[in-house]
Amino acid sequence: MASPLRFDGRVVLVTGAGGVNDLGGDFKGVGKSSLAADKVVEEIRRKGGKAVANYDSVEAGEKVVKTALDAFGRIDVVINNAGILRDRSFSRISDEDWDIIHKVHLRGSFQVTRAAWDNMKKQKFGRIIMTSSASGIYGNFGQANYSAAKLGLLGLANSLAIEGNKNNIHCNTIAPIAASRLTQTVLPSDVLEALKPEYVAPLVLWLCHESCEENGGLFEVGAGWIGKLRWERSLGAMVRQKNQLMTPEAVKANWRKICDFENASKPQRFGESISSMMEVLSKIDADGGVSTNHTSHTASSEATSGFAGAVGHKLSFSSAYTELDTIMYALGVGASIKEPKDLKFIYEGNSDFSCLPTFGVIVGQKSVMSGELAEIPGLSINLGKILHGEQYLELYKPFPRAGTLKSEAIVADILDKGSGLVILLDVYSYSGKELICYNQFSLFLVGSGGVGGKRTSDKVKEAIAVPNRGPDAVLTDTTSLNQAALYRLSGDWNPLHIDPNFASLAGFKKPILHGLCTFGFSARHVLQQFADNDVSRFKAIKARFAKPVYPGQTLQTEMWKEGNRIHFQTKTQETGDIVISNAYVDLVPTSGVSAKIPSEGGNLQSTLIFKEIGRHLQDVGHEVVKKVNAVFEWHITKDGSTAAKWTIDLKNGNGNVYQGPAKGSADVTVTLSDEDFINVVLGKLDPQKAFFSGRLKARGNIMLSQKLQMVFKNYAKL
């Protein structure tokens, strides 16, 4: 037999119906007596327990809880069981009949639980039971007041289960059928005998035990039988069609499908409901736009003219970043030392150190995260109701490894999707006067639509469905439990991604991963699979955010190659849910990349030095090779990007200097700017100081670099 469940040291508060707190009145709430509570206290003490009685109404919840705290110093369990009846047919219910039922059942449970809540939070433990009823779940003739209050308790319990979870406070609901003062006038005596409270108490005891993990459950119980209830939702039907009004006739035509519970889903969280709605909106949007509901035709012209005034509004800002910022971003989207090819994104000393192309969204997101959108004239924006619907990013050249970019954000258009507005925010980012990247943020404002605005725009960067065949390549990455905590350091401080309380209020069981973090993972997969991590080949990316991801889940990117466009979608491997849909990356053809690379080093000053060294080696190369015996590869940068590569071979034959990477393996690879290279040659910049300050990067046998001084000292006069 299983070991008995113990409650040593636990303090339990039971209200009403013969519990430790009881006014002792009749089932209608009339009268008051200490006998009911005193009787139970005496029984508990007789069996070796400790108990005190309280005779206050549950409406005075603080007094009830204070009695327990004064007597025992803590409170671990609250069982909200107090109740009365005022049964009347609906037309005969008086205001008093309605109010007193809600005061005792719903408000009383609220008052007692609230008084105990902070104590439970401090001790990181609490178990709460709400007592509902079959009348509340299903309804019952003559009990409209009672049914409403009892179902209200279920809603209260579900919310407390979410809010209390992180502090180990669990809240469950029971719907018992048991003999009590409330049922003694309703049920015959033989039935009352079979429905003794003793057949309900074991369930309550288990739900209140410290080892029970059940939270947010609803249970019917009676006569020794226990069953758990859950919500069920039909798959439903889409009754909005492209370029047609939504009509009651369309609802009628789809009624059978709306009510068909075959293959029904079983939602458990508010977030699942929101997620389903967003999936529907995504499908509607994919159809190319839907006419607004007929009711929206009554929307005021003032609202639509206000939106028109917001279109074209500009915001200006600048973004400075360092190598540390680009490395932090790369780590935030899953770059890792486990993948050797990722080292170029996370180690500033790597000879090919590069910034991931999708870092561009970090540059552009300041326009969204700053809160300035809410201040745009003509727009009334609740930032708490903004959802990131889609994202487009286009690069005109690879990002410098560090720099300051000036950006201009423009409200390109505002679309009315009926259930919400879509703001198209275009962001152009410049290095000096040179355009580096362009973002288009598609922001969905929940509940702001239906005002008669336009539904489509030629300014939208359209999402495109993936091909109807198996993927050409699939890559997976498991996100860390700390992924959102790490990614947010790149500037997205939304508490939805870190604060369990905030996530619960939004309807999620825990903080979710940033959509743009998943976006970064996916883009990195495409770059790795089809461009060998060559950032110069990245041109553009478009993606639609379909469902949330939780840190710790595994992302699976499925990719289809069609020319220089890589279509992709991303799923969570654990659930199979598509989290990024209708997405693609455009790559620059390899021929286009080589055309961008200066064949002669452009107008770099260092080019003159390398050519002169090459000429000099024709005369003294044999002697220099004997003294140095090493191959040096040089990466010369301009404006933060690699502008030329040179090799000085002082190891083979009579030595050689040529443009490009080493034909064999280099002993030393040195990276520095064109300007710093000249200053090193002239003796104006100490190489050691440049190395320790980060201006000069070197890998390989860096001690060999000292031998270069004998080569360079002859060229200062140039």
# chains A, B, ... in the order shown; residues from 1 in each chain; ligands from 1
>>> select_by_dssp(residues="region 122-186 of chain A", states="helix (DSSP H, G or I)", output="ChimeraX atom specification")
/A:122-123,134-138,144-167
>>> residues_around(residues="Asn656 (chain A)", least_positions_apart="3", cutoff="8 Å", atoms="only C-alpha atoms", output="list in words")
Gly614, Leu617, Gly621, Ile648, Asp649, Leu650 and Asn652 of chain A
>>> select_by_dssp(residues="region 339-436 of chain A", states="strand (DSSP E or B)", output="number ranges by chain")
A: 386-395, 403-416, 420-431, 434-436
>>> write_last_selection(atoms="C-alpha atoms", output="PDB file, in the first residue's frame")
ATOM      1  CA  ILE A 386       1.226  45.398 -31.064  1.00  0.00           C
ATOM      2  CA  LEU A 387       2.070  42.066 -32.692  1.00  0.00           C
ATOM      3  CA  HIS A 388       4.979  41.685 -35.098  1.00  0.00           C
ATOM      4  CA  GLY A 389       3.353  40.196 -38.190  1.00  0.00           C
ATOM      5  CA  GLU A 390       6.047  40.142 -40.875  1.00  0.00           C
ATOM      6  CA  GLN A 391       9.602  41.339 -41.487  1.00  0.00           C
ATOM      7  CA  TYR A 392      11.569  42.267 -44.605  1.00  0.00           C
ATOM      8  CA  LEU A 393      15.283  43.146 -44.642  1.00  0.00           C
ATOM      9  CA  GLU A 394      17.452  44.064 -47.627  1.00  0.00           C
ATOM     10  CA  LEU A 395      21.214  44.684 -47.522  1.00  0.00           C
ATOM     11  CA  GLY A 403      30.213  51.888 -36.785  1.00  0.00           C
ATOM     12  CA  THR A 404      27.428  54.427 -36.424  1.00  0.00           C
ATOM     13  CA  LEU A 405      24.415  54.321 -38.716  1.00  0.00           C
ATOM     14  CA  LYS A 406      21.833  57.039 -39.145  1.00  0.00           C
ATOM     15  CA  SER A 407      18.319  55.810 -39.823  1.00  0.00           C
ATOM     16  CA  GLU A 408      15.080  57.281 -41.046  1.00  0.00           C
ATOM     17  CA  ALA A 409      11.797  55.479 -40.321  1.00  0.00           C
ATOM     18  CA  ILE A 410       8.732  56.294 -42.429  1.00  0.00           C
ATOM     19  CA  VAL A 411       5.128  55.181 -41.959  1.00  0.00           C
ATOM     20  CA  ALA A 412       4.778  53.784 -45.489  1.00  0.00           C
ATOM     21  CA  ASP A 413       1.103  52.809 -45.230  1.00  0.00           C
ATOM     22  CA  ILE A 414      -1.686  51.742 -42.864  1.00  0.00           C
ATOM     23  CA  LEU A 415      -4.052  48.903 -43.767  1.00  0.00           C
ATOM     24  CA  ASP A 416      -7.402  48.003 -42.196  1.00  0.00           C
ATOM     25  CA  GLY A 420      -6.850  45.123 -36.572  1.00  0.00           C
ATOM     26  CA  LEU A 421      -4.652  47.626 -38.357  1.00  0.00           C
ATOM     27  CA  VAL A 422      -1.375  46.841 -40.092  1.00  0.00           C
ATOM     28  CA  ILE A 423       1.287  49.564 -39.974  1.00  0.00           C
ATOM     29  CA  LEU A 424       3.987  49.299 -42.632  1.00  0.00           C
ATOM     30  CA  LEU A 425       7.093  50.936 -41.210  1.00  0.00           C
ATOM     31  CA  ASP A 426       9.988  51.397 -43.634  1.00  0.00           C
ATOM     32  CA  VAL A 427      13.420  52.039 -42.094  1.00  0.00           C
ATOM     33  CA  TYR A 428      16.424  53.183 -44.169  1.00  0.00           C
ATOM     34  CA  SER A 429      19.867  53.029 -42.509  1.00  0.00           C
ATOM     35  CA  TYR A 430      22.922  54.895 -43.790  1.00  0.00           C
ATOM     36  CA  SER A 431      26.657  54.938 -43.159  1.00  0.00           C
ATOM     37  CA  GLU A 434      25.684  55.378 -48.301  1.00  0.00           C
ATOM     38  CA  LEU A 435      22.548  53.244 -47.852  1.00  0.00           C
ATOM     39  CA  ILE A 436      23.500  50.089 -45.945  1.00  0.00           C
TER      40      ILE A 436
END
>>> residues_around(residues="region 125-141 of chain A", least_positions_apart="5", cutoff="8 Å", atoms="only C-alpha atoms", output="PyMOL selection string")
chain A and resi 75-81+89+109+113+120+146-151+153-154+157+167-177+204+207-209+220
>>> atom_distance(atom1="CA of Pro377 (chain A)", atom2="CA of Gly364 (chain A)")
21.1 Å
>>> closest_atom_pairs(of="region 464-517 of chain A", to="region 536-545 of chain A", cutoff="10 Å", atoms="only C-alpha atoms", output="JSON lines")
{"residue": "A:Ile464", "atom": "CA", "partner": "A:Lys542", "partner_atom": "CA", "distance": 8.5}
{"residue": "A:Gly515", "atom": "CA", "partner": "A:Phe545", "partner_atom": "CA", "distance": 6.6}
{"residue": "A:Leu516", "atom": "CA", "partner": "A:Phe545", "partner_atom": "CA", "distance": 8.8}
>>> atom_distance(atom1="CA of Asp676 (chain A)", atom2="CA of Tyr347 (chain A)")
20.5 Å
>>> closest_residue(among="A:Tyr396, A:Tyr658, A:Tyr329, A:Phe345", to="Val363 (chain A)", atoms="only C-alpha atoms")
A:Tyr329
>>> closest_residue(among="A:Arg524, A:Lys645, A:Arg6, A:Lys454", to="Glu339 (chain A)", atoms="only C-alpha atoms")
A:Arg524
>>> atom_distance(atom1="CA of Arg233 (chain A)", atom2="CA of Ala264 (chain A)")
5.5 Å
>>> decode(residues="region 483-499 of chain A", atoms="all heavy atoms", output="PDB file, in the first residue's frame")
ATOM      1  N   GLN A 483      17.917  31.423 -24.156  1.00  0.00           N
ATOM      2  CA  GLN A 483      18.022  32.069 -25.461  1.00  0.00           C
ATOM      3  C   GLN A 483      17.381  33.456 -25.477  1.00  0.00           C
ATOM      4  O   GLN A 483      17.957  34.421 -25.982  1.00  0.00           O
ATOM      5  CB  GLN A 483      17.379  31.188 -26.538  1.00  0.00           C
ATOM      6  CG  GLN A 483      17.896  31.474 -27.932  1.00  0.00           C
ATOM      7  CD  GLN A 483      19.322  30.970 -28.110  1.00  0.00           C
ATOM      8  OE1 GLN A 483      19.622  29.821 -27.884  1.00  0.00           O
ATOM      9  NE2 GLN A 483      20.212  31.859 -28.525  1.00  0.00           N
ATOM     10  N   ALA A 484      16.171  33.561 -24.926  1.00  0.00           N
ATOM     11  CA  ALA A 484      15.489  34.864 -24.916  1.00  0.00           C
ATOM     12  C   ALA A 484      16.228  35.851 -24.017  1.00  0.00           C
ATOM     13  O   ALA A 484      16.333  37.041 -24.336  1.00  0.00           O
ATOM     14  CB  ALA A 484      14.040  34.707 -24.460  1.00  0.00           C
ATOM     15  N   ALA A 485      16.741  35.359 -22.883  1.00  0.00           N
ATOM     16  CA  ALA A 485      17.491  36.223 -21.964  1.00  0.00           C
ATOM     17  C   ALA A 485      18.750  36.758 -22.642  1.00  0.00           C
ATOM     18  O   ALA A 485      19.166  37.899 -22.404  1.00  0.00           O
ATOM     19  CB  ALA A 485      17.855  35.453 -20.696  1.00  0.00           C
ATOM     20  N   LEU A 486      19.357  35.949 -23.511  1.00  0.00           N
ATOM     21  CA  LEU A 486      20.557  36.368 -24.230  1.00  0.00           C
ATOM     22  C   LEU A 486      20.196  37.298 -25.385  1.00  0.00           C
ATOM     23  O   LEU A 486      20.821  38.352 -25.563  1.00  0.00           O
ATOM     24  CB  LEU A 486      21.300  35.135 -24.756  1.00  0.00           C
ATOM     25  CG  LEU A 486      22.578  35.369 -25.556  1.00  0.00           C
ATOM     26  CD1 LEU A 486      23.590  36.137 -24.727  1.00  0.00           C
ATOM     27  CD2 LEU A 486      23.170  34.036 -26.010  1.00  0.00           C
ATOM     28  N   TYR A 487      19.168  36.948 -26.149  1.00  0.00           N
ATOM     29  CA  TYR A 487      18.820  37.755 -27.323  1.00  0.00           C
ATOM     30  C   TYR A 487      18.372  39.166 -26.932  1.00  0.00           C
ATOM     31  O   TYR A 487      18.669  40.132 -27.636  1.00  0.00           O
ATOM     32  CB  TYR A 487      17.722  37.070 -28.140  1.00  0.00           C
ATOM     33  CG  TYR A 487      17.351  37.847 -29.387  1.00  0.00           C
ATOM     34  CD1 TYR A 487      18.089  37.700 -30.553  1.00  0.00           C
ATOM     35  CD2 TYR A 487      16.293  38.761 -29.378  1.00  0.00           C
ATOM     36  CE1 TYR A 487      17.791  38.432 -31.688  1.00  0.00           C
ATOM     37  CE2 TYR A 487      15.988  39.506 -30.508  1.00  0.00           C
ATOM     38  CZ  TYR A 487      16.732  39.335 -31.665  1.00  0.00           C
ATOM     39  OH  TYR A 487      16.436  40.079 -32.772  1.00  0.00           O
ATOM     40  N   ARG A 488      17.679  39.294 -25.813  1.00  0.00           N
ATOM     41  CA  ARG A 488      17.154  40.604 -25.426  1.00  0.00           C
ATOM     42  C   ARG A 488      18.274  41.621 -25.177  1.00  0.00           C
ATOM     43  O   ARG A 488      18.049  42.830 -25.229  1.00  0.00           O
ATOM     44  CB  ARG A 488      16.241  40.490 -24.200  1.00  0.00           C
ATOM     45  CG  ARG A 488      16.946  40.157 -22.907  1.00  0.00           C
ATOM     46  CD  ARG A 488      15.958  39.851 -21.787  1.00  0.00           C
ATOM     47  NE  ARG A 488      15.093  40.980 -21.501  1.00  0.00           N
ATOM     48  CZ  ARG A 488      15.357  41.920 -20.592  1.00  0.00           C
ATOM     49  NH1 ARG A 488      16.480  41.868 -19.897  1.00  0.00           N
ATOM     50  NH2 ARG A 488      14.525  42.914 -20.378  1.00  0.00           N
ATOM     51  N   LEU A 489      19.497  41.139 -24.943  1.00  0.00           N
ATOM     52  CA  LEU A 489      20.625  42.041 -24.726  1.00  0.00           C
ATOM     53  C   LEU A 489      20.975  42.819 -25.998  1.00  0.00           C
ATOM     54  O   LEU A 489      21.736  43.781 -25.948  1.00  0.00           O
ATOM     55  CB  LEU A 489      21.852  41.257 -24.238  1.00  0.00           C
ATOM     56  CG  LEU A 489      21.673  40.510 -22.907  1.00  0.00           C
ATOM     57  CD1 LEU A 489      22.952  39.790 -22.534  1.00  0.00           C
ATOM     58  CD2 LEU A 489      21.250  41.460 -21.800  1.00  0.00           C
ATOM     59  N   SER A 490      20.397  42.399 -27.129  1.00  0.00           N
ATOM     60  CA  SER A 490      20.606  43.142 -28.373  1.00  0.00           C
ATOM     61  C   SER A 490      19.607  44.279 -28.530  1.00  0.00           C
ATOM     62  O   SER A 490      19.587  44.929 -29.575  1.00  0.00           O
ATOM     63  CB  SER A 490      20.520  42.183 -29.575  1.00  0.00           C
ATOM     64  OG  SER A 490      21.651  41.333 -29.618  1.00  0.00           O
ATOM     65  N   GLY A 491      18.747  44.499 -27.517  1.00  0.00           N
ATOM     66  CA  GLY A 491      17.927  45.703 -27.539  1.00  0.00           C
ATOM     67  C   GLY A 491      16.428  45.526 -27.484  1.00  0.00           C
ATOM     68  O   GLY A 491      15.702  46.510 -27.368  1.00  0.00           O
ATOM     69  N   ASP A 492      15.924  44.292 -27.583  1.00  0.00           N
ATOM     70  CA  ASP A 492      14.473  44.084 -27.489  1.00  0.00           C
ATOM     71  C   ASP A 492      14.143  43.759 -26.037  1.00  0.00           C
ATOM     72  O   ASP A 492      14.213  42.624 -25.599  1.00  0.00           O
ATOM     73  CB  ASP A 492      14.020  42.948 -28.403  1.00  0.00           C
ATOM     74  CG  ASP A 492      12.504  42.858 -28.488  1.00  0.00           C
ATOM     75  OD1 ASP A 492      11.825  43.347 -27.560  1.00  0.00           O
ATOM     76  OD2 ASP A 492      11.992  42.300 -29.474  1.00  0.00           O
ATOM     77  N   TRP A 493      13.738  44.793 -25.284  1.00  0.00           N
ATOM     78  CA  TRP A 493      13.555  44.660 -23.839  1.00  0.00           C
ATOM     79  C   TRP A 493      12.135  44.278 -23.443  1.00  0.00           C
ATOM     80  O   TRP A 493      11.773  44.361 -22.273  1.00  0.00           O
ATOM     81  CB  TRP A 493      13.934  45.976 -23.152  1.00  0.00           C
ATOM     82  CG  TRP A 493      15.310  46.433 -23.490  1.00  0.00           C
ATOM     83  CD1 TRP A 493      15.665  47.476 -24.288  1.00  0.00           C
ATOM     84  CD2 TRP A 493      16.546  45.846 -23.056  1.00  0.00           C
ATOM     85  NE1 TRP A 493      17.029  47.591 -24.382  1.00  0.00           N
ATOM     86  CE2 TRP A 493      17.600  46.601 -23.630  1.00  0.00           C
ATOM     87  CE3 TRP A 493      16.872  44.761 -22.240  1.00  0.00           C
ATOM     88  CZ2 TRP A 493      18.940  46.303 -23.419  1.00  0.00           C
ATOM     89  CZ3 TRP A 493      18.206  44.470 -22.023  1.00  0.00           C
ATOM     90  CH2 TRP A 493      19.222  45.236 -22.606  1.00  0.00           C
ATOM     91  N   ASN A 494      11.303  43.867 -24.381  1.00  0.00           N
ATOM     92  CA  ASN A 494       9.913  43.508 -24.076  1.00  0.00           C
ATOM     93  C   ASN A 494       9.885  42.457 -22.955  1.00  0.00           C
ATOM     94  O   ASN A 494      10.445  41.365 -23.107  1.00  0.00           O
ATOM     95  CB  ASN A 494       9.242  42.957 -25.334  1.00  0.00           C
ATOM     96  CG  ASN A 494       7.745  42.787 -25.169  1.00  0.00           C
ATOM     97  OD1 ASN A 494       7.239  42.640 -24.055  1.00  0.00           O
ATOM     98  ND2 ASN A 494       7.023  42.799 -26.277  1.00  0.00           N
ATOM     99  N   PRO A 495       9.212  42.750 -21.820  1.00  0.00           N
ATOM    100  CA  PRO A 495       9.191  41.796 -20.698  1.00  0.00           C
ATOM    101  C   PRO A 495       8.474  40.485 -21.016  1.00  0.00           C
ATOM    102  O   PRO A 495       8.606  39.518 -20.271  1.00  0.00           O
ATOM    103  CB  PRO A 495       8.460  42.573 -19.587  1.00  0.00           C
ATOM    104  CG  PRO A 495       7.708  43.652 -20.288  1.00  0.00           C
ATOM    105  CD  PRO A 495       8.514  44.009 -21.498  1.00  0.00           C
ATOM    106  N   LEU A 496       7.730  40.443 -22.128  1.00  0.00           N
ATOM    107  CA  LEU A 496       7.060  39.207 -22.545  1.00  0.00           C
ATOM    108  C   LEU A 496       8.063  38.073 -22.695  1.00  0.00           C
ATOM    109  O   LEU A 496       7.714  36.904 -22.549  1.00  0.00           O
ATOM    110  CB  LEU A 496       6.339  39.453 -23.880  1.00  0.00           C
ATOM    111  CG  LEU A 496       5.669  38.263 -24.561  1.00  0.00           C
ATOM    112  CD1 LEU A 496       4.511  37.742 -23.715  1.00  0.00           C
ATOM    113  CD2 LEU A 496       5.170  38.654 -25.948  1.00  0.00           C
ATOM    114  N   HIS A 497       9.331  38.405 -22.952  1.00  0.00           N
ATOM    115  CA  HIS A 497      10.340  37.394 -23.254  1.00  0.00           C
ATOM    116  C   HIS A 497      11.202  37.019 -22.040  1.00  0.00           C
ATOM    117  O   HIS A 497      12.094  36.176 -22.172  1.00  0.00           O
ATOM    118  CB  HIS A 497      11.233  37.882 -24.388  1.00  0.00           C
ATOM    119  CG  HIS A 497      10.468  38.322 -25.595  1.00  0.00           C
ATOM    120  ND1 HIS A 497       9.741  37.450 -26.370  1.00  0.00           N
ATOM    121  CD2 HIS A 497      10.277  39.560 -26.141  1.00  0.00           C
ATOM    122  CE1 HIS A 497       9.150  38.111 -27.353  1.00  0.00           C
ATOM    123  NE2 HIS A 497       9.455  39.400 -27.231  1.00  0.00           N
ATOM    124  N   ILE A 498      10.924  37.625 -20.866  1.00  0.00           N
ATOM    125  CA  ILE A 498      11.768  37.348 -19.699  1.00  0.00           C
ATOM    126  C   ILE A 498      10.978  37.229 -18.405  1.00  0.00           C
ATOM    127  O   ILE A 498      11.367  36.490 -17.499  1.00  0.00           O
ATOM    128  CB  ILE A 498      12.853  38.454 -19.551  1.00  0.00           C
ATOM    129  CG1 ILE A 498      13.924  38.066 -18.536  1.00  0.00           C
ATOM    130  CG2 ILE A 498      12.220  39.790 -19.219  1.00  0.00           C
ATOM    131  CD1 ILE A 498      14.843  36.976 -18.991  1.00  0.00           C
ATOM    132  N   ASP A 499       9.839  37.933 -18.304  1.00  0.00           N
ATOM    133  CA  ASP A 499       9.087  38.018 -17.051  1.00  0.00           C
ATOM    134  C   ASP A 499       7.915  37.033 -17.064  1.00  0.00           C
ATOM    135  O   ASP A 499       6.962  37.198 -17.840  1.00  0.00           O
ATOM    136  CB  ASP A 499       8.566  39.446 -16.879  1.00  0.00           C
ATOM    137  CG  ASP A 499       7.898  39.672 -15.525  1.00  0.00           C
ATOM    138  OD1 ASP A 499       7.475  38.687 -14.890  1.00  0.00           O
ATOM    139  OD2 ASP A 499       7.780  40.841 -15.113  1.00  0.00           O
TER     140      ASP A 499
END
